[in-house]
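Colleague: So I've got this file, run37.pdb, and it contains PDB, N, CA and C atoms:
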```
MODEL        1
ATOM      1  N   MET A   1     -11.808  -9.740  16.902  1.00  0.00           N
ATOM      2  CA  MET A   1     -11.882 -11.171  16.857  1.00  0.00           C
ATOM      3  C   MET A   1     -11.734 -11.620  15.401  1.00  0.00           C
ATOM      4  N   ARG A   2     -11.080 -12.744  15.215  1.00  0.00           N
ATOM      5  CA  ARG A   2     -10.909 -13.331  13.890  1.00  0.00           C
ATOM      6  C   ARG A   2     -11.423 -14.769  13.934  1.00  0.00           C
ATOM      7  N   ILE A   3     -12.273 -15.114  12.999  1.00  0.00           N
ATOM      8  CA  ILE A   3     -12.790 -16.477  12.896  1.00  0.00           C
ATOM      9  C   ILE A   3     -12.030 -17.176  11.784  1.00  0.00           C
ATOM     10  N   ASP A   4     -11.393 -18.273  12.119  1.00  0.00           N
ATOM     11  CA  ASP A   4     -10.570 -18.999  11.152  1.00  0.00           C
ATOM     12  C   ASP A   4     -11.394 -20.026  10.372  1.00  0.00           C
ATOM     13  N   GLN A   5     -12.314 -20.728  11.052  1.00  0.00           N
ATOM     14  CA  GLN A   5     -13.133 -21.751  10.417  1.00  0.00           C
ATOM     15  C   GLN A   5     -14.514 -21.763  11.058  1.00  0.00           C
ATOM     16  N   ILE A   6     -15.519 -22.122  10.255  1.00  0.00           N
ATOM     17  CA  ILE A   6     -16.879 -22.305  10.751  1.00  0.00           C
ATOM     18  C   ILE A   6     -17.301 -23.725  10.381  1.00  0.00           C
ATOM     19  N   TRP A   7     -17.761 -24.472  11.374  1.00  0.00           N
ATOM     20  CA  TRP A   7     -18.217 -25.845  11.142  1.00  0.00           C
ATOM     21  C   TRP A   7     -19.654 -25.983  11.630  1.00  0.00           C
ATOM     22  N   ARG A   8     -20.426 -26.783  10.911  1.00  0.00           N
ATOM     23  CA  ARG A   8     -21.795 -27.097  11.317  1.00  0.00           C
ATOM     24  C   ARG A   8     -21.904 -28.618  11.382  1.00  0.00           C
ATOM     25  N   TYR A   9     -22.631 -29.090  12.379  1.00  0.00           N
ATOM     26  CA  TYR A   9     -22.838 -30.520  12.583  1.00  0.00           C
ATOM     27  C   TYR A   9     -24.343 -30.794  12.477  1.00  0.00           C
ATOM     28  N   PRO A  10     -24.837 -31.072  11.250  1.00  0.00           N
ATOM     29  CA  PRO A  10     -26.277 -31.247  11.046  1.00  0.00           C
ATOM     30  C   PRO A  10     -26.887 -32.400  11.841  1.00  0.00           C
ATOM     31  N   VAL A  11     -26.100 -33.457  12.105  1.00  0.00           N
ATOM     32  CA  VAL A  11     -26.593 -34.615  12.843  1.00  0.00           C
ATOM     33  C   VAL A  11     -25.789 -34.740  14.135  1.00  0.00           C
ATOM     34  N   LYS A  12     -26.485 -34.819  15.263  1.00  0.00           N
ATOM     35  CA  LYS A  12     -25.843 -34.953  16.566  1.00  0.00           C
ATOM     36  C   LYS A  12     -24.927 -36.178  16.583  1.00  0.00           C
ATOM     37  N   SER A  13     -23.713 -36.028  17.068  1.00  0.00           N
ATOM     38  CA  SER A  13     -22.720 -37.094  17.237  1.00  0.00           C
ATOM     39  C   SER A  13     -22.154 -37.652  15.931  1.00  0.00           C
ATOM     40  N   VAL A  14     -22.290 -36.904  14.840  1.00  0.00           N
ATOM     41  CA  VAL A  14     -21.741 -37.301  13.544  1.00  0.00           C
ATOM     42  C   VAL A  14     -20.851 -36.153  13.068  1.00  0.00           C
ATOM     43  N   GLY A  15     -19.790 -36.477  12.331  1.00  0.00           N
ATOM     44  CA  GLY A  15     -18.912 -35.435  11.804  1.00  0.00           C
ATOM     45  C   GLY A  15     -19.684 -34.406  10.993  1.00  0.00           C
ATOM     46  N   GLY A  16     -19.125 -33.229  10.861  1.00  0.00           N
ATOM     47  CA  GLY A  16     -19.851 -32.139  10.229  1.00  0.00           C
ATOM     48  C   GLY A  16     -19.272 -31.659   8.920  1.00  0.00           C
ATOM     49  N   GLU A  17     -19.646 -30.430   8.596  1.00  0.00           N
ATOM     50  CA  GLU A  17     -19.242 -29.821   7.342  1.00  0.00           C
ATOM     51  C   GLU A  17     -18.657 -28.432   7.598  1.00  0.00           C
ATOM     52  N   ARG A  18     -17.626 -28.109   6.847  1.00  0.00           N
ATOM     53  CA  ARG A  18     -17.003 -26.797   6.952  1.00  0.00           C
ATOM     54  C   ARG A  18     -17.792 -25.822   6.086  1.00  0.00           C
ATOM     55  N   LEU A  19     -18.094 -24.662   6.634  1.00  0.00           N
ATOM     56  CA  LEU A  19     -18.875 -23.652   5.931  1.00  0.00           C
ATOM     57  C   LEU A  19     -18.012 -22.450   5.575  1.00  0.00           C
ATOM     58  N   THR A  20     -18.400 -21.750   4.522  1.00  0.00           N
ATOM     59  CA  THR A  20     -17.735 -20.492   4.183  1.00  0.00           C
ATOM     60  C   THR A  20     -18.478 -19.310   4.789  1.00  0.00           C
ATOM     61  N   ALA A  21     -19.747 -19.526   5.164  1.00  0.00           N
ATOM     62  CA  ALA A  21     -20.569 -18.501   5.813  1.00  0.00           C
ATOM     63  C   ALA A  21     -21.670 -19.215   6.588  1.00  0.00           C
ATOM     64  N   ALA A  22     -22.239 -18.558   7.574  1.00  0.00           N
ATOM     65  CA  ALA A  22     -23.304 -19.166   8.368  1.00  0.00           C
ATOM     66  C   ALA A  22     -24.253 -18.100   8.872  1.00  0.00           C
ATOM     67  N   THR A  23     -25.517 -18.490   9.009  1.00  0.00           N
ATOM     68  CA  THR A  23     -26.515 -17.643   9.645  1.00  0.00           C
ATOM     69  C   THR A  23     -26.577 -18.065  11.105  1.00  0.00           C
ATOM     70  N   VAL A  24     -26.409 -17.099  11.997  1.00  0.00           N
ATOM     71  CA  VAL A  24     -26.405 -17.393  13.423  1.00  0.00           C
ATOM     72  C   VAL A  24     -27.597 -16.702  14.068  1.00  0.00           C
ATOM     73  N   GLY A  25     -28.407 -17.475  14.779  1.00  0.00           N
ATOM     74  CA  GLY A  25     -29.564 -16.943  15.492  1.00  0.00           C
ATOM     75  C   GLY A  25     -29.398 -17.130  16.988  1.00  0.00           C
ATOM     76  N   ALA A  26     -30.487 -16.965  17.694  1.00  0.00           N
ATOM     77  CA  ALA A  26     -30.464 -17.088  19.157  1.00  0.00           C
ATOM     78  C   ALA A  26     -30.058 -18.486  19.613  1.00  0.00           C
ATOM     79  N   LEU A  27     -30.305 -19.501  18.779  1.00  0.00           N
ATOM     80  CA  LEU A  27     -29.970 -20.889  19.140  1.00  0.00           C
ATOM     81  C   LEU A  27     -28.670 -21.372  18.516  1.00  0.00           C
ATOM     82  N   GLY A  28     -27.908 -20.470  17.891  1.00  0.00           N
ATOM     83  CA  GLY A  28     -26.630 -20.854  17.301  1.00  0.00           C
ATOM     84  C   GLY A  28     -26.687 -20.866  15.787  1.00  0.00           C
ATOM     85  N   ILE A  29     -25.806 -21.652  15.169  1.00  0.00           N
ATOM     86  CA  ILE A  29     -25.712 -21.730  13.712  1.00  0.00           C
ATOM     87  C   ILE A  29     -26.940 -22.458  13.163  1.00  0.00           C
ATOM     88  N   GLU A  30     -27.579 -21.833  12.184  1.00  0.00           N
ATOM     89  CA  GLU A  30     -28.754 -22.433  11.558  1.00  0.00           C
ATOM     90  C   GLU A  30     -28.410 -23.800  10.972  1.00  0.00           C
ATOM     91  N   GLY A  31     -29.223 -24.803  11.294  1.00  0.00           N
ATOM     92  CA  GLY A  31     -29.014 -26.160  10.778  1.00  0.00           C
ATOM     93  C   GLY A  31     -28.072 -27.017  11.605  1.00  0.00           C
ATOM     94  N   ASP A  32     -27.544 -26.487  12.706  1.00  0.00           N
ATOM     95  CA  ASP A  32     -26.617 -27.256  13.537  1.00  0.00           C
ATOM     96  C   ASP A  32     -27.390 -28.193  14.458  1.00  0.00           C
ATOM     97  N   ARG A  33     -27.093 -29.469  14.364  1.00  0.00           N
ATOM     98  CA  ARG A  33     -27.697 -30.520  15.198  1.00  0.00           C
ATOM     99  C   ARG A  33     -29.226 -30.546  15.095  1.00  0.00           C
ATOM    100  N   ASP A  34     -29.732 -30.373  13.878  1.00  0.00           N
ATOM    101  CA  ASP A  34     -31.178 -30.443  13.628  1.00  0.00           C
ATOM    102  C   ASP A  34     -31.687 -31.878  13.615  1.00  0.00           C
ATOM    103  N   VAL A  35     -30.804 -32.842  13.378  1.00  0.00           N
ATOM    104  CA  VAL A  35     -31.188 -34.242  13.229  1.00  0.00           C
ATOM    105  C   VAL A  35     -30.443 -35.063  14.281  1.00  0.00           C
ATOM    106  N   ALA A  36     -31.109 -36.085  14.809  1.00  0.00           N
ATOM    107  CA  ALA A  36     -30.468 -36.978  15.776  1.00  0.00           C
ATOM    108  C   ALA A  36     -30.671 -38.421  15.324  1.00  0.00           C
ATOM    109  N   VAL A  37     -29.762 -39.286  15.722  1.00  0.00           N
ATOM    110  CA  VAL A  37     -29.856 -40.712  15.424  1.00  0.00           C
ATOM    111  C   VAL A  37     -30.626 -41.371  16.570  1.00  0.00           C
ATOM    112  N   HIS A  38     -31.572 -42.240  16.200  1.00  0.00           N
ATOM    113  CA  HIS A  38     -32.349 -42.961  17.198  1.00  0.00           C
ATOM    114  C   HIS A  38     -31.908 -44.423  17.219  1.00  0.00           C
ATOM    115  N   ASP A  39     -31.916 -45.012  18.400  1.00  0.00           N
ATOM    116  CA  ASP A  39     -31.521 -46.412  18.526  1.00  0.00           C
ATOM    117  C   ASP A  39     -32.727 -47.334  18.303  1.00  0.00           C
ATOM    118  N   GLU A  40     -32.531 -48.623  18.544  1.00  0.00           N
ATOM    119  CA  GLU A  40     -33.598 -49.593  18.314  1.00  0.00           C
ATOM    120  C   GLU A  40     -34.813 -49.396  19.212  1.00  0.00           C
ATOM    121  N   ARG A  41     -34.656 -48.643  20.304  1.00  0.00           N
ATOM    122  CA  ARG A  41     -35.795 -48.328  21.191  1.00  0.00           C
ATOM    123  C   ARG A  41     -36.433 -46.993  20.831  1.00  0.00           C
ATOM    124  N   ASP A  42     -35.970 -46.408  19.702  1.00  0.00           N
ATOM    125  CA  ASP A  42     -36.439 -45.109  19.213  1.00  0.00           C
ATOM    126  C   ASP A  42     -36.064 -43.968  20.155  1.00  0.00           C
ATOM    127  N   GLU A  43     -34.957 -44.143  20.869  1.00  0.00           N
ATOM    128  CA  GLU A  43     -34.438 -43.087  21.738  1.00  0.00           C
ATOM    129  C   GLU A  43     -33.235 -42.440  21.065  1.00  0.00           C
ATOM    130  N   VAL A  44     -33.072 -41.136  21.277  1.00  0.00           N
ATOM    131  CA  VAL A  44     -31.910 -40.433  20.718  1.00  0.00           C
ATOM    132  C   VAL A  44     -30.647 -41.030  21.318  1.00  0.00           C
ATOM    133  N   THR A  45     -29.686 -41.333  20.469  1.00  0.00           N
ATOM    134  CA  THR A  45     -28.434 -41.920  20.934  1.00  0.00           C
ATOM    135  C   THR A  45     -27.276 -40.993  20.591  1.00  0.00           C
ATOM    136  N   TRP A  46     -26.074 -41.405  20.936  1.00  0.00           N
ATOM    137  CA  TRP A  46     -24.897 -40.555  20.714  1.00  0.00           C
ATOM    138  C   TRP A  46     -23.696 -41.431  20.413  1.00  0.00           C
ATOM    139  N   ALA A  47     -22.595 -40.799  20.038  1.00  0.00           N
ATOM    140  CA  ALA A  47     -21.394 -41.531  19.626  1.00  0.00           C
ATOM    141  C   ALA A  47     -20.772 -42.320  20.778  1.00  0.00           C
ATOM    142  N   GLY A  48     -21.024 -41.952  22.003  1.00  0.00           N
ATOM    143  CA  GLY A  48     -20.515 -42.720  23.132  1.00  0.00           C
ATOM    144  C   GLY A  48     -21.142 -44.113  23.184  1.00  0.00           C
ATOM    145  N   ALA A  49     -22.402 -44.216  22.760  1.00  0.00           N
ATOM    146  CA  ALA A  49     -23.091 -45.504  22.736  1.00  0.00           C
ATOM    147  C   ALA A  49     -22.846 -46.258  21.431  1.00  0.00           C
ATOM    148  N   ILE A  50     -22.652 -45.503  20.344  1.00  0.00           N
ATOM    149  CA  ILE A  50     -22.419 -46.101  19.024  1.00  0.00           C
ATOM    150  C   ILE A  50     -21.198 -45.406  18.410  1.00  0.00           C
ATOM    151  N   PRO A  51     -19.987 -45.828  18.785  1.00  0.00           N
ATOM    152  CA  PRO A  51     -18.770 -45.153  18.310  1.00  0.00           C
ATOM    153  C   PRO A  51     -18.640 -45.082  16.788  1.00  0.00           C
ATOM    154  N   ALA A  52     -19.245 -46.000  16.065  1.00  0.00           N
ATOM    155  CA  ALA A  52     -19.148 -45.991  14.598  1.00  0.00           C
ATOM    156  C   ALA A  52     -19.764 -44.736  13.984  1.00  0.00           C
ATOM    157  N   LEU A  53     -20.606 -44.036  14.722  1.00  0.00           N
ATOM    158  CA  LEU A  53     -21.169 -42.779  14.204  1.00  0.00           C
ATOM    159  C   LEU A  53     -20.067 -41.788  13.840  1.00  0.00           C
ATOM    160  N   MET A  54     -18.954 -41.853  14.552  1.00  0.00           N
ATOM    161  CA  MET A  54     -17.863 -40.912  14.305  1.00  0.00           C
ATOM    162  C   MET A  54     -17.157 -41.168  12.967  1.00  0.00           C
ATOM    163  N   ARG A  55     -17.466 -42.288  12.320  1.00  0.00           N
ATOM    164  CA  ARG A  55     -16.891 -42.563  10.998  1.00  0.00           C
ATOM    165  C   ARG A  55     -17.722 -41.950   9.875  1.00  0.00           C
ATOM    166  N   LEU A  56     -18.855 -41.362  10.228  1.00  0.00           N
ATOM    167  CA  LEU A  56     -19.727 -40.730   9.251  1.00  0.00           C
ATOM    168  C   LEU A  56     -19.507 -39.223   9.246  1.00  0.00           C
ATOM    169  N   ARG A  57     -19.919 -38.604   8.147  1.00  0.00           N
ATOM    170  CA  ARG A  57     -19.914 -37.152   8.041  1.00  0.00           C
ATOM    171  C   ARG A  57     -21.284 -36.754   7.519  1.00  0.00           C
ATOM    172  N   ALA A  58     -21.848 -35.681   8.038  1.00  0.00           N
ATOM    173  CA  ALA A  58     -23.170 -35.228   7.624  1.00  0.00           C
ATOM    174  C   ALA A  58     -23.075 -33.892   6.901  1.00  0.00           C
ATOM    175  N   VAL A  59     -23.896 -33.756   5.860  1.00  0.00           N
ATOM    176  CA  VAL A  59     -24.005 -32.506   5.116  1.00  0.00           C
ATOM    177  C   VAL A  59     -25.484 -32.150   5.074  1.00  0.00           C
ATOM    178  N   ALA A  60     -25.831 -30.929   5.474  1.00  0.00           N
ATOM    179  CA  ALA A  60     -27.222 -30.488   5.443  1.00  0.00           C
ATOM    180  C   ALA A  60     -27.676 -30.350   3.991  1.00  0.00           C
ATOM    181  N   VAL A  61     -28.859 -30.902   3.687  1.00  0.00           N
ATOM    182  CA  VAL A  61     -29.411 -30.797   2.336  1.00  0.00           C
ATOM    183  C   VAL A  61     -30.750 -30.066   2.329  1.00  0.00           C
ATOM    184  N   GLY A  62     -31.248 -29.723   3.489  1.00  0.00           N
ATOM    185  CA  GLY A  62     -32.499 -28.984   3.619  1.00  0.00           C
ATOM    186  C   GLY A  62     -32.872 -28.897   5.085  1.00  0.00           C
ATOM    187  N   PRO A  63     -33.917 -28.156   5.416  1.00  0.00           N
ATOM    188  CA  PRO A  63     -34.340 -28.042   6.818  1.00  0.00           C
ATOM    189  C   PRO A  63     -34.687 -29.407   7.408  1.00  0.00           C
ATOM    190  N   GLY A  64     -33.955 -29.822   8.420  1.00  0.00           N
ATOM    191  CA  GLY A  64     -34.193 -31.100   9.074  1.00  0.00           C
ATOM    192  C   GLY A  64     -33.762 -32.308   8.264  1.00  0.00           C
ATOM    193  N   LEU A  65     -33.023 -32.092   7.163  1.00  0.00           N
ATOM    194  CA  LEU A  65     -32.545 -33.191   6.318  1.00  0.00           C
ATOM    195  C   LEU A  65     -31.030 -33.144   6.197  1.00  0.00           C
ATOM    196  N   ALA A  66     -30.417 -34.313   6.271  1.00  0.00           N
ATOM    197  CA  ALA A  66     -28.960 -34.384   6.140  1.00  0.00           C
ATOM    198  C   ALA A  66     -28.587 -35.616   5.333  1.00  0.00           C
ATOM    199  N   GLU A  67     -27.519 -35.501   4.590  1.00  0.00           N
ATOM    200  CA  GLU A  67     -26.966 -36.636   3.856  1.00  0.00           C
ATOM    201  C   GLU A  67     -25.777 -37.158   4.654  1.00  0.00           C
ATOM    202  N   LEU A  68     -25.740 -38.466   4.859  1.00  0.00           N
ATOM    203  CA  LEU A  68     -24.633 -39.081   5.593  1.00  0.00           C
ATOM    204  C   LEU A  68     -23.636 -39.641   4.591  1.00  0.00           C
ATOM    205  N   ILE A  69     -22.358 -39.376   4.831  1.00  0.00           N
ATOM    206  CA  ILE A  69     -21.290 -39.791   3.939  1.00  0.00           C
ATOM    207  C   ILE A  69     -20.328 -40.678   4.722  1.00  0.00           C
ATOM    208  N   LEU A  70     -19.999 -41.829   4.134  1.00  0.00           N
ATOM    209  CA  LEU A  70     -19.030 -42.739   4.776  1.00  0.00           C
ATOM    210  C   LEU A  70     -17.623 -42.247   4.545  1.00  0.00           C
TER     211      LEU A  70
ENDMDL
END
```
Using structure tokens, write down the structure from this file.

Modeller:
Amino acid sequence: MRIDQIWRYPVKSVGGERLTAATVGALGIEGDRDVAVHDERDEVTWAGAIPALMRLRAVAVGPGLAELIL
């Protein structure tokens, strides 16, 4: 098997970051989808409900922390 690219998506429903290496555990790539966006009712939402999320890109900056880039 050959892996051409590795991507991680630190925030659910937001664009991600390309990695040169990754730690993979039983739940997948470490830091993938650790953060979610909540709506005005404090419920987890997704890009289907808020399409503008897809215009953002997230970069992991620490455990459970991500920086959003326009």

Colleague: For Val61 in chain A, which of A:Pro10, A:Gly15, A:Gly25, A:Gly48 is the closest residue, counting only C-alpha atoms?

Modeller: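 The answer is A:Pro10, which sits nearest to Val61 in chain A.
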
Colleague: Would you please extract all helix (DSSP H, G or I) residues from chain A, as assigned by DSSP on the backbone, and give them as a VMD selection string?

Modeller: chain A and resid 51 to 55

Colleague: Enter the distance from CA of Ala21 in chain A to CA of Ala47 in chain A, in Å, rounded to one decimal.

Modeller: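 Answer for the CA of Ala21 in chain A to CA of Ala47 in chain A separation: 26.9 Å.
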
Colleague: Would you work out the distance separating CA of Glu40 in chain A from atom C of Gly16 in chain A, expressed in Å to one decimal?

Modeller: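 Pair CA of Glu40 in chain A / atom C of Gly16 in chain A returns 24.8 Å.
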
Colleague: Need to verify the contact set: Arg8 in chain A, 6 Å, all atoms listed in the file, exclusion of same-chain residues closer than 5 positions in sequence. Can you return it as a PyMOL selection string?

Modeller: chain A and resi 16-19+32

Colleague: Using only N, CA and C atoms, find all polymer residues with an atom at most 7 Å away from the point (-26.6, -33.4, 16.8); report them as a list in words.

Modeller: Tyr9, Pro10, Val11, Lys12, Ser13, Val14, Asp32, Arg33, Asp34, Val35, Ala36 and Val37 of chain A

Colleague: Please evaluate the PyMOL selection byres ((chain A and resi 68) around 5) against the structure above and give the resulting residues as a PyMOL selection string.

Modeller: chain A and resi 57-58+66-67+69-70

Colleague: Would you compute, for all listed atoms of range 52-67 of chain A, the axis-aligned bounding box grown by 4 Å on each side, and then report its centre and edge lengths in Å rounded to one decimal, as lines of an AutoDock Vina configuration file?

Modeller:
```
center_x = -25.8
center_y = -37.0
center_z = 9.2
size_x = 25.8
size_y = 26.0
size_z = 21.7
```

Colleague: So which bits of chain A end up strand (DSSP E) when you DSSP the backbone, as a list of chain:residue names?

Modeller: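 DSSP on the backbone gives strand (DSSP E) at A:Ile6, A:Trp7, A:Arg8, A:Glu17, A:Arg18, A:Leu19, A:Val24, A:Gly25, A:Gly28, A:Ile29, A:Arg57, A:Ala58, A:Val59, A:Ala60, A:Val61, A:Gly62, A:Leu65, A:Ala66, A:Glu67, A:Leu68, A:Ile69.
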
Colleague: One decimal, in Å: what's the spacing between CA of Ile6 in chain A and CA of Leu53 in chain A?

Modeller: 21.2 Å

Colleague: Calculated over only C-alpha atoms, which of the candidates A:Glu43, A:His38, A:Ala49, A:Gly31 has the smallest distance to Pro63 in chain A?

Modeller: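 Answer, going by the shortest atom-to-atom distance: A:Gly31.
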